[in-house]
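Peer 1: Structure file query19.cif (mmCIF, C-alpha atoms and all ligand atoms) right here:
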data_start
loop_
_atom_site.label_atom_id
_atom_site.label_comp_id
_atom_site.auth_asym_id
_atom_site.auth_seq_id
_atom_site.Cartn_x
_atom_site.Cartn_y
_atom_site.Cartn_z
CA ALA A 276 30.98 13.33 9.74
CA VAL A 277 33.39 15.11 7.47
CA ARG A 278 31.93 18.42 6.39
CA GLY A 279 34.71 19.63 4.13
CA PRO A 280 37.88 21.46 5.08
CA HIS A 281 38.16 23.45 8.30
CA PRO A 282 37.26 27.08 7.50
CA SER A 283 40.80 28.30 8.21
CA ALA A 284 42.25 25.55 6.00
CA ALA A 285 39.89 26.60 3.21
CA ALA A 286 40.93 30.23 3.66
CA ALA A 287 44.56 29.23 3.30
CA LEU A 288 43.82 27.96 -0.21
CA ILE A 289 42.67 31.40 -1.33
CA PRO A 290 45.48 33.88 -2.08
CA ALA A 291 45.57 36.54 0.63
CA GLN A 292 44.89 39.33 -1.82
CA ALA A 293 41.69 37.70 -3.03
CA ARG A 294 40.25 37.38 0.47
CA HIS A 295 37.86 40.12 1.48
CA ASP A 296 36.42 41.07 4.81
CA ARG A 297 32.83 42.20 5.29
CA THR A 298 33.65 45.73 4.15
CA GLY A 299 34.84 44.44 0.79
CA VAL A 300 38.40 45.55 1.49
CA PRO A 301 41.04 42.95 0.56
CA ALA A 302 42.81 41.36 3.53
CA PRO A 303 46.33 42.72 3.93
CA ARG A 304 49.24 40.82 2.45
CA PRO A 305 51.63 39.25 4.95
CA PRO A 306 54.72 41.38 5.64
CA LEU A 307 57.78 40.74 3.50
CA PRO A 308 60.38 38.62 5.29
CA HIS A 309 63.90 39.89 5.95
CA HIS A 310 66.35 39.02 3.18
CA THR A 311 68.32 36.69 5.49
CA GLY A 312 65.16 34.78 6.38
CA VAL A 313 65.57 35.67 10.06
CA ARG A 314 62.33 35.25 11.98
CA PRO A 315 60.92 37.71 14.52
CA PRO A 316 61.59 37.10 18.21
CA HIS A 317 58.84 35.82 20.42
CA LEU A 318 57.78 38.72 22.60
CA PRO A 319 55.26 38.13 25.39
CA ALA A 320 52.23 40.37 24.83
CA GLY A 321 52.59 42.09 28.21
CA ARG A 322 56.17 43.07 27.33
CA MET A 323 55.40 44.55 23.94
CA PRO A 324 55.35 48.32 23.45
CA ARG A 325 52.21 49.70 21.88
CA HIS A 326 53.93 52.70 20.36
CA VAL A 327 57.52 52.98 19.15
CA ALA A 328 58.75 56.38 17.96
CA VAL A 329 61.96 56.68 15.96
CA ILE A 330 64.36 59.55 15.35
CA MET A 331 65.89 58.31 12.11
CA ASP A 332 69.24 60.07 12.38
CA GLY A 333 72.59 59.69 10.65
CA ASN A 334 71.63 59.75 6.97
CA GLY A 335 74.02 62.58 6.12
CA ARG A 336 77.01 61.09 7.94
CA TRP A 337 76.34 57.68 6.39
CA ALA A 338 76.53 59.24 2.93
CA THR A 339 79.47 61.58 3.60
CA ARG A 340 81.59 58.69 4.90
CA ARG A 341 81.04 56.93 1.61
CA GLY A 342 81.87 59.99 -0.45
CA LEU A 343 78.24 60.28 -1.51
CA PRO A 344 75.94 63.31 -1.43
CA ARG A 345 73.80 63.57 1.73
CA SER A 346 70.71 63.02 -0.40
CA GLU A 347 71.86 59.45 -1.03
CA GLY A 348 71.65 58.82 2.72
CA HIS A 349 68.08 60.11 2.74
CA ARG A 350 67.17 57.94 -0.25
CA VAL A 351 68.61 54.72 1.21
CA GLY A 352 67.19 55.60 4.62
CA ALA A 353 63.67 55.87 3.23
CA GLN A 354 63.69 53.19 0.55
CA LYS A 355 65.63 50.53 2.41
CA ALA A 356 65.88 51.11 6.17
CA LEU A 357 62.42 52.48 6.86
CA ARG A 358 60.73 49.97 4.59
CA ASP A 359 62.48 47.07 6.32
CA VAL A 360 61.71 48.41 9.80
CA VAL A 361 58.01 48.77 8.93
CA HIS A 362 57.86 45.16 7.72
CA GLY A 363 59.64 44.12 10.91
CA ALA A 364 57.08 46.08 12.93
CA LEU A 365 54.29 44.25 11.10
CA GLU A 366 55.96 40.92 11.85
CA ILE A 367 55.92 41.53 15.60
CA GLY A 368 52.40 43.00 15.55
CA LEU A 369 53.37 46.50 16.68
CA PRO A 370 50.27 48.72 16.43
CA HIS A 371 51.91 52.17 16.31
CA LEU A 372 55.17 53.27 14.72
CA THR A 373 55.95 56.98 14.48
CA VAL A 374 58.94 58.34 12.58
CA TYR A 375 60.58 61.74 12.54
CA ALA A 376 61.14 62.63 8.88
CA PHE A 377 61.46 66.42 8.86
CA SER A 378 61.60 68.74 11.87
CA THR A 379 60.67 72.41 12.13
CA GLU A 380 64.42 72.98 12.65
CA ASN A 381 65.39 71.19 9.44
CA TRP A 382 64.48 74.35 7.47
CA LYS A 383 67.95 75.53 8.53
CA ARG A 384 69.50 73.17 5.96
CA ASP A 385 70.33 74.21 2.44
CA LEU A 386 67.48 74.43 -0.02
CA GLN A 387 68.63 71.54 -2.14
CA GLU A 388 68.68 69.13 0.80
CA ILE A 389 65.26 70.34 1.99
CA ALA A 390 63.82 69.85 -1.48
CA PHE A 391 65.27 66.35 -1.65
CA LEU A 392 63.92 65.41 1.78
CA LEU A 393 60.43 66.59 0.91
CA HIS A 394 60.65 64.83 -2.45
CA THR A 395 61.62 61.58 -0.70
CA ILE A 396 58.70 61.87 1.71
CA ARG A 397 56.32 62.29 -1.22
CA GLU A 398 57.81 59.76 -3.62
CA ASP A 399 58.92 56.97 -1.35
CA LEU A 400 56.69 57.16 1.68
CA ASN A 401 53.41 58.98 1.73
CA GLY A 402 52.64 59.79 -1.90
CA GLU A 403 50.27 57.85 -4.12
CA ALA A 404 52.59 54.92 -4.83
CA GLY A 405 53.70 54.67 -1.20
CA ALA A 406 50.13 54.78 0.07
CA LYS A 407 49.06 52.04 -2.32
CA GLU A 408 51.93 49.82 -1.27
CA TRP A 409 51.40 50.41 2.44
CA ALA A 410 47.65 49.86 2.17
CA SER A 411 48.26 46.43 0.68
CA TYR A 412 50.07 45.47 3.90
CA GLY A 413 47.38 46.99 6.12
CA VAL A 414 49.43 50.05 7.07
CA ARG A 415 47.54 53.21 7.85
CA LEU A 416 49.49 56.38 7.10
CA ARG A 417 49.12 59.45 9.23
CA TRP A 418 50.90 62.74 9.26
CA ALA A 419 51.77 64.88 12.28
CA GLY A 420 53.10 68.38 11.76
CA ASP A 421 52.31 71.81 10.51
CA SER A 422 51.01 72.54 7.02
CA GLU A 423 52.22 76.12 7.32
CA GLY A 424 55.53 76.47 5.50
CA LEU A 425 55.19 73.24 3.52
CA PRO A 426 54.63 73.40 -0.25
CA THR A 427 50.96 72.70 -1.06
CA ASP A 428 51.76 69.66 -3.20
CA VAL A 429 53.50 68.05 -0.22
CA VAL A 430 50.52 68.80 2.04
CA GLU A 431 48.15 67.39 -0.58
CA ASP A 432 50.18 64.20 -0.89
CA LEU A 433 50.33 63.72 2.87
CA ALA A 434 46.55 64.20 3.10
CA ARG A 435 45.98 61.90 0.13
CA GLY A 436 48.10 59.20 1.78
CA GLU A 437 45.99 59.48 4.94
CA ARG A 438 42.75 59.22 2.98
CA ALA A 439 43.89 56.29 0.86
CA THR A 440 44.92 54.19 3.89
CA ARG A 441 42.19 55.20 6.34
CA HIS A 442 40.65 51.72 6.32
CA CYS A 443 43.91 50.00 7.29
CA THR A 444 44.17 48.66 10.81
CA ARG A 445 47.24 46.46 11.10
CA LEU A 446 49.80 49.19 11.88
CA THR A 447 49.54 52.96 12.07
CA LEU A 448 52.64 54.58 10.61
CA THR A 449 52.72 58.22 11.61
CA THR A 450 55.24 60.35 9.74
CA CYS A 451 56.25 63.60 11.41
CA VAL A 452 56.83 66.15 8.68
CA ASN A 453 57.42 69.79 9.53
CA TYR A 454 56.90 68.60 13.07
CA GLY A 455 58.23 70.36 16.16
CA GLY A 456 57.23 69.52 19.69
CA ARG A 457 57.17 73.11 20.88
CA ALA A 458 55.13 74.19 17.87
CA GLU A 459 52.63 71.42 18.60
CA LEU A 460 52.28 72.43 22.25
CA THR A 461 52.08 76.14 21.45
CA ARG A 462 49.39 75.51 18.88
CA ALA A 463 47.39 73.41 21.34
CA ALA A 464 47.64 76.21 23.94
CA ALA A 465 46.44 78.77 21.39
CA ARG A 466 43.50 76.57 20.38
CA LEU A 467 42.52 76.12 24.01
CA ALA A 468 42.79 79.86 24.64
CA ARG A 469 40.51 80.56 21.67
CA ALA A 470 38.00 77.92 22.78
CA ALA A 471 37.95 79.42 26.30
CA ARG A 472 37.58 82.94 24.95
CA ASP A 473 34.65 81.84 22.78
CA GLY A 474 33.01 80.13 25.74
CA ASP A 475 33.31 76.64 24.23
CA ILE A 476 35.29 75.30 27.17
CA ASP A 477 35.67 76.28 30.80
CA ALA A 478 39.29 77.31 31.42
CA ASP A 479 39.09 76.04 34.99
CA ARG A 480 38.35 72.56 33.74
CA ILE A 481 41.27 72.15 31.35
CA GLY A 482 43.13 68.97 32.22
CA THR A 483 45.52 66.70 30.37
CA GLY A 484 42.63 65.06 28.50
CA GLU A 485 41.36 68.39 27.16
CA PHE A 486 44.90 69.43 26.25
CA THR A 487 45.48 66.19 24.33
CA ARG A 488 42.37 66.84 22.24
CA HIS A 489 44.03 69.98 20.86
CA LEU A 490 47.25 68.33 19.72
CA SER A 491 48.14 67.62 16.08
CA LEU A 492 46.85 64.02 16.35
CA PRO A 493 44.62 63.79 19.44
CA ASP A 494 44.42 60.00 19.28
CA LEU A 495 48.15 59.32 18.99
CA PRO A 496 48.94 57.14 22.03
CA ASP A 497 51.76 57.84 24.47
CA VAL A 498 55.16 56.69 23.27
CA ASP A 499 56.39 53.58 25.06
CA LEU A 500 59.80 53.37 23.41
CA LEU A 501 61.70 56.27 21.87
CA TRP A 502 64.60 55.11 19.74
CA ARG A 503 67.22 57.35 18.17
CA THR A 504 69.84 56.07 15.75
CA GLY A 505 73.01 57.87 14.66
CA GLY A 506 74.77 58.17 18.01
CA GLU A 507 73.34 61.42 19.41
CA GLN A 508 71.58 61.26 22.76
CA ARG A 509 68.96 63.96 22.51
CA THR A 510 65.33 64.19 21.47
CA SER A 511 65.57 67.22 19.15
CA ASN A 512 62.05 68.59 19.73
CA PHE A 513 60.33 65.24 19.08
CA LEU A 514 56.99 64.38 20.75
CA PRO A 515 57.53 66.10 24.13
CA TRP A 516 53.91 65.52 25.20
CA HIS A 517 53.70 61.86 24.22
CA ALA A 518 57.17 60.77 25.29
CA THR A 519 57.26 62.06 28.88
CA TYR A 520 57.36 58.51 30.19
CA ALA A 521 58.90 56.80 27.18
CA GLU A 522 61.77 54.38 27.64
CA LEU A 523 64.77 55.77 25.76
CA HIS A 524 66.99 53.73 23.48
CA PHE A 525 70.00 55.14 21.64
CA THR A 526 72.03 53.28 19.04
CA ASP A 527 75.12 54.32 17.08
CA THR A 528 74.11 52.83 13.73
CA HIS A 529 73.41 55.42 11.07
CA TRP A 530 69.84 55.15 9.88
CA PRO A 531 70.57 53.83 6.33
CA ASP A 532 72.37 50.82 7.89
CA VAL A 533 69.43 49.99 10.16
CA ASP A 534 67.07 47.11 9.52
CA ARG A 535 64.25 45.31 11.34
CA ARG A 536 66.68 43.38 13.53
CA ASP A 537 67.61 46.67 15.21
CA LEU A 538 63.93 47.31 15.92
CA TRP A 539 63.54 43.83 17.34
CA ARG A 540 66.59 44.31 19.58
CA ALA A 541 65.20 47.61 20.81
CA VAL A 542 61.80 46.08 21.54
CA THR A 543 63.34 43.03 23.23
CA GLU A 544 65.40 45.28 25.48
CA TYR A 545 62.33 47.37 26.19
CA GLY A 546 60.59 44.21 27.39
CA ARG A 547 63.20 43.84 30.14
CA ARG A 548 62.72 47.35 31.48
CA GLN A 549 60.69 48.02 34.59
CA ARG A 550 58.41 51.00 34.19
CA ARG A 551 57.38 52.58 37.45
CA TYR A 552 55.68 55.86 36.50
CA GLY A 553 56.77 57.43 39.74
CA ALA A 554 55.40 54.67 41.93
CA VAL A 555 57.40 52.47 44.29
CA VAL A 556 55.56 49.22 43.70
CA SER A 557 57.23 46.72 41.39
CA ASN A 558 55.71 46.09 37.95
CA ALA A 559 53.72 49.32 38.20
CA GLN A 560 51.37 49.96 35.31
CA PRO A 561 50.23 53.32 33.97
CA SER A 562 47.17 54.60 35.79
C1 LIG B 601 68.32 62.30 9.56
O1 LIG B 601 69.61 62.32 9.10
C2 LIG B 601 67.33 62.79 8.55
C3 LIG B 601 66.80 64.13 8.86
C4 LIG B 601 67.16 64.92 9.83
C5 LIG B 601 65.79 64.63 7.99
P1 LIG B 601 70.49 63.62 9.06
O2 LIG B 601 70.28 64.29 7.74
O3 LIG B 601 70.26 64.47 10.25
O4 LIG B 601 71.94 62.99 9.09
P2 LIG B 601 73.17 63.47 9.97
O5 LIG B 601 72.71 63.54 11.38
O6 LIG B 601 73.57 64.80 9.43
O7 LIG B 601 74.20 62.41 9.74
C1 LIG B 602 66.22 65.09 14.15
O1 LIG B 602 67.48 64.98 13.58
C2 LIG B 602 65.20 65.31 13.08
C3 LIG B 602 64.89 64.18 12.22
C4 LIG B 602 65.39 62.98 12.30
C5 LIG B 602 63.91 64.43 11.21
P1 LIG B 602 68.44 66.24 13.38
O2 LIG B 602 69.67 65.72 12.75
O3 LIG B 602 67.72 67.31 12.68
O4 LIG B 602 68.68 66.71 14.90
P2 LIG B 602 69.91 67.47 15.55
O5 LIG B 602 70.18 68.69 14.71
O6 LIG B 602 71.07 66.52 15.54
O7 LIG B 602 69.46 67.77 16.93
MG MG B 603 71.06 64.51 12.11
#
Could you render the structure as structure tokens?
Peer 2:
Amino acid sequence: AVRGPHPSAAAALIPAQARHDRTGVPAPRPPLPHHTGVRPPHLPAGRMPRHVAVIMDGNGRWATRRGLPRSEGHRVGAQKALRDVVHGALEIGLPHLTVYAFSTENWKRDLQEIAFLLHTIREDLNGEAGAKEWASYGVRLRWAGDSEGLPTDVVEDLARGERATRHCTRLTLTTCVNYGGRAELTRAAARLARAARDGDIDADRIGTGEFTRHLSLPDLPDVDLLWRTGGEQRTSNFLPWHATYAELHFTDTHWPDVDRRDLWRAVTEYGRRQRRYGAVVSNAQPS
């Protein structure tokens, strides 16, 4: 007997934005396709990274070569490149994407550039408008870094972005702002020392698990693939704890020229790597 359309066929008739799950939150919109119409590669699940971390480098050189102010590189990098890469990450079902937006060493730049970078992070990425846009695609925003030294309005916007997207589960986009790997590790050590002094933990029982709980984002998974654009082959104080066993990928393209196809290439190449984690056996998996 025909009992009406198949449930999934019926669902397809309802616009995605009108569909709600049990929590009353609208279902995320599908990611925007690339402007050329290119479709994502098929990547076997076992070959997919869970966490890709990106050092978005080369904005300044991109702009300077075009006779533009460095700020233009930052603007295009955030509004065009990052946005496209996030949609490309959604298309391949990547669960964690972490990007380096402002390091603890970037305070060495001139004030105008710093102000522009922080403005871009607020306006184009993690501020109210950004959070609203990302939430509609199911992107959860998180921030890793130090509030100390950052203007309070920037801190408030980063926290607001986290709150406004907390229910999103499709992709976690962690932005590292005023982030430095050594600062993160030093802070974790200080927290552990205080906890031991106060008798809350036993110093003799501190292991990697306990240490992880004192990092900026305790639940941030290990980095599987660390990708740096812009031609330099260094990690510049980015995620030392999480990236100890990351596969490294360096490309020459300046960040503003990057799009999702570069991410897909990186991930496809990652899928061909053999990760051994110190073991001799072939196809070793993390313990
Ligand atoms: C990356 O681009 C963005 C940040 C570091 C914030 P750069 O601004 O470092 O650009 P280059 O490396 O000078 O070209
Ligand atoms: C790393 O790039 C920091 C970010 C991308 C935010 P930098 O341009 O600051 O790094 P160095 O100075 O080349 O090491
Ligand atoms: Mg640079």
Peer 1: Once you count only C-alpha atoms and all ligand atoms, which residues end up within 6 Å of ligand LIG 601 (chain B), and could you hand them over as a list in words?
Peer 2: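 Counting only C-alpha atoms and all ligand atoms, the residues within 6 Å of ligand LIG 601 (chain B) come out as Met331, Asp332, Gly333, Asn334, Gly335, Arg336, Ala376 and Phe377 of chain A.
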Peer 1: Keeping C-alpha atoms, export the residues of the selection given above as a short mmCIF file (atom, residue, chain, number, x, y, z; two decimals), keeping the file's coordinate frame.
Peer 2:
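Result file follows (part.cif):
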data_model
loop_
_atom_site.label_atom_id
_atom_site.label_comp_id
_atom_site.auth_asym_id
_atom_site.auth_seq_id
_atom_site.Cartn_x
_atom_site.Cartn_y
_atom_site.Cartn_z
CA MET A 331 65.89 58.31 12.11
CA ASP A 332 69.24 60.07 12.38
CA GLY A 333 72.59 59.69 10.65
CA ASN A 334 71.63 59.75 6.97
CA GLY A 335 74.02 62.58 6.12
CA ARG A 336 77.01 61.09 7.94
CA ALA A 376 61.14 62.63 8.88
CA PHE A 377 61.46 66.42 8.86
#
Peer 1: Take atom CA of Arg540 of chain A and atom CA of Glu522 of chain A and report the distance between them in Å, one decimal.
Peer 2: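 For atom CA of Arg540 of chain A relative to atom CA of Glu522 of chain A, the distance reads 13.8 Å.
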Peer 1: Write out as JSON lines a residue-level contact list of chain A versus ligand LIG 602 (chain B) with cut-off 8 Å: for each qualifying residue the closest pair of atoms and the distance in Å to one decimal, counting all atoms listed in the file, rows sorted by chain and residue number upward.
Peer 2:
{"residue": "A:Ile330", "atom": "CA", "partner": "B:LIG602", "partner_atom": "C4", "distance": 4.7}
{"residue": "A:Met331", "atom": "CA", "partner": "B:LIG602", "partner_atom": "C4", "distance": 4.7}
{"residue": "A:Asp332", "atom": "CA", "partner": "B:LIG602", "partner_atom": "C4", "distance": 4.8}
{"residue": "A:Gly333", "atom": "CA", "partner": "B:LIG602", "partner_atom": "O2", "distance": 7.0}
{"residue": "A:Val374", "atom": "CA", "partner": "B:LIG602", "partner_atom": "C4", "distance": 8.0}
{"residue": "A:Tyr375", "atom": "CA", "partner": "B:LIG602", "partner_atom": "C5", "distance": 4.5}
{"residue": "A:Ala376", "atom": "CA", "partner": "B:LIG602", "partner_atom": "C5", "distance": 4.0}
{"residue": "A:Phe377", "atom": "CA", "partner": "B:LIG602", "partner_atom": "C5", "distance": 3.9}
{"residue": "A:Ser378", "atom": "CA", "partner": "B:LIG602", "partner_atom": "C5", "distance": 4.9}
{"residue": "A:Glu380", "atom": "CA", "partner": "B:LIG602", "partner_atom": "O3", "distance": 6.6}
{"residue": "A:Asn381", "atom": "CA", "partner": "B:LIG602", "partner_atom": "O3", "distance": 5.6}
{"residue": "A:Cys451", "atom": "CA", "partner": "B:LIG602", "partner_atom": "C5", "distance": 7.7}
{"residue": "A:Val452", "atom": "CA", "partner": "B:LIG602", "partner_atom": "C5", "distance": 7.7}
{"residue": "A:Glu507", "atom": "CA", "partner": "B:LIG602", "partner_atom": "O6", "distance": 6.8}
{"residue": "A:Arg509", "atom": "CA", "partner": "B:LIG602", "partner_atom": "O7", "distance": 6.8}
{"residue": "A:Thr510", "atom": "CA", "partner": "B:LIG602", "partner_atom": "O7", "distance": 7.1}
{"residue": "A:Ser511", "atom": "CA", "partner": "B:LIG602", "partner_atom": "O7", "distance": 4.5}
{"residue": "A:Asn512", "atom": "CA", "partner": "B:LIG602", "partner_atom": "C1", "distance": 7.8}
{"residue": "A:Phe513", "atom": "CA", "partner": "B:LIG602", "partner_atom": "C1", "distance": 7.7}
Peer 1: Please produce a file of the residues just selected, as a PDB file, keeping the file's coordinate frame, where the atoms kept are C-alpha atoms.
Peer 2:
ATOM      1  CA  ILE A 330      64.360  59.550  15.350  1.00  0.00           C
ATOM      2  CA  MET A 331      65.890  58.310  12.110  1.00  0.00           C
ATOM      3  CA  ASP A 332      69.240  60.070  12.380  1.00  0.00           C
ATOM      4  CA  GLY A 333      72.590  59.690  10.650  1.00  0.00           C
ATOM      5  CA  VAL A 374      58.940  58.340  12.580  1.00  0.00           C
ATOM      6  CA  TYR A 375      60.580  61.740  12.540  1.00  0.00           C
ATOM      7  CA  ALA A 376      61.140  62.630   8.880  1.00  0.00           C
ATOM      8  CA  PHE A 377      61.460  66.420   8.860  1.00  0.00           C
ATOM      9  CA  SER A 378      61.600  68.740  11.870  1.00  0.00           C
ATOM     10  CA  GLU A 380      64.420  72.980  12.650  1.00  0.00           C
ATOM     11  CA  ASN A 381      65.390  71.190   9.440  1.00  0.00           C
ATOM     12  CA  CYS A 451      56.250  63.600  11.410  1.00  0.00           C
ATOM     13  CA  VAL A 452      56.830  66.150   8.680  1.00  0.00           C
ATOM     14  CA  GLU A 507      73.340  61.420  19.410  1.00  0.00           C
ATOM     15  CA  ARG A 509      68.960  63.960  22.510  1.00  0.00           C
ATOM     16  CA  THR A 510      65.330  64.190  21.470  1.00  0.00           C
ATOM     17  CA  SER A 511      65.570  67.220  19.150  1.00  0.00           C
ATOM     18  CA  ASN A 512      62.050  68.590  19.730  1.00  0.00           C
ATOM     19  CA  PHE A 513      60.330  65.240  19.080  1.00  0.00           C
TER      20      PHE A 513
END
Peer 1: Rank nothing, just name the residue among A:Trp530, A:Tyr552, A:Trp409, A:Trp539 nearest to ligand MG 603 (chain B), using only C-alpha atoms and all ligand atoms.
Peer 2: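 For ligand MG 603 (chain B), the nearest of the given residues is A:Trp530.
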Peer 1: Find the smallest box with edges along x, y and z containing every listed atom of segment 355-365 of chain A, then add 3 Å on each side and report centre and edge lengths in Å to one decimal, as lines of an AutoDock Vina configuration file.
Peer 2:
center_x = 60.1
center_y = 48.3
center_z = 7.7
size_x = 17.6
size_y = 14.4
size_z = 16.5
Peer 1: Rounded to one decimal, what separation in Å do you get between atom CA of Trp337 of chain A and atom CA of His310 of chain A?
Peer 2: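 Interatomic distance here is 21.4 Å.
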Peer 1: When you look at Arg462 of chain A with a cut-off of 12 Å (counting only C-alpha atoms), what residues show up, excluding the ones that are within fewer than 6 positions of it in the same chain? I need them as a list of chain:residue names.
Peer 2: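 In the requested form, the answer reads A:Gly420, A:Asp421, A:Glu423, A:Tyr454, A:Gly455, A:Gly456, A:Ala468, A:Arg469, A:Phe486, A:Thr487, A:Arg488, A:His489, A:Leu490, A:Ser491.
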Peer 1: Kindly give the distance, in Å, that separates atom CA of Asn453 of chain A and atom CA of Leu425 of chain A, rounded to a single decimal.
Peer 2: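 Between atom CA of Asn453 of chain A and atom CA of Leu425 of chain A the gap works out to 7.3 Å.
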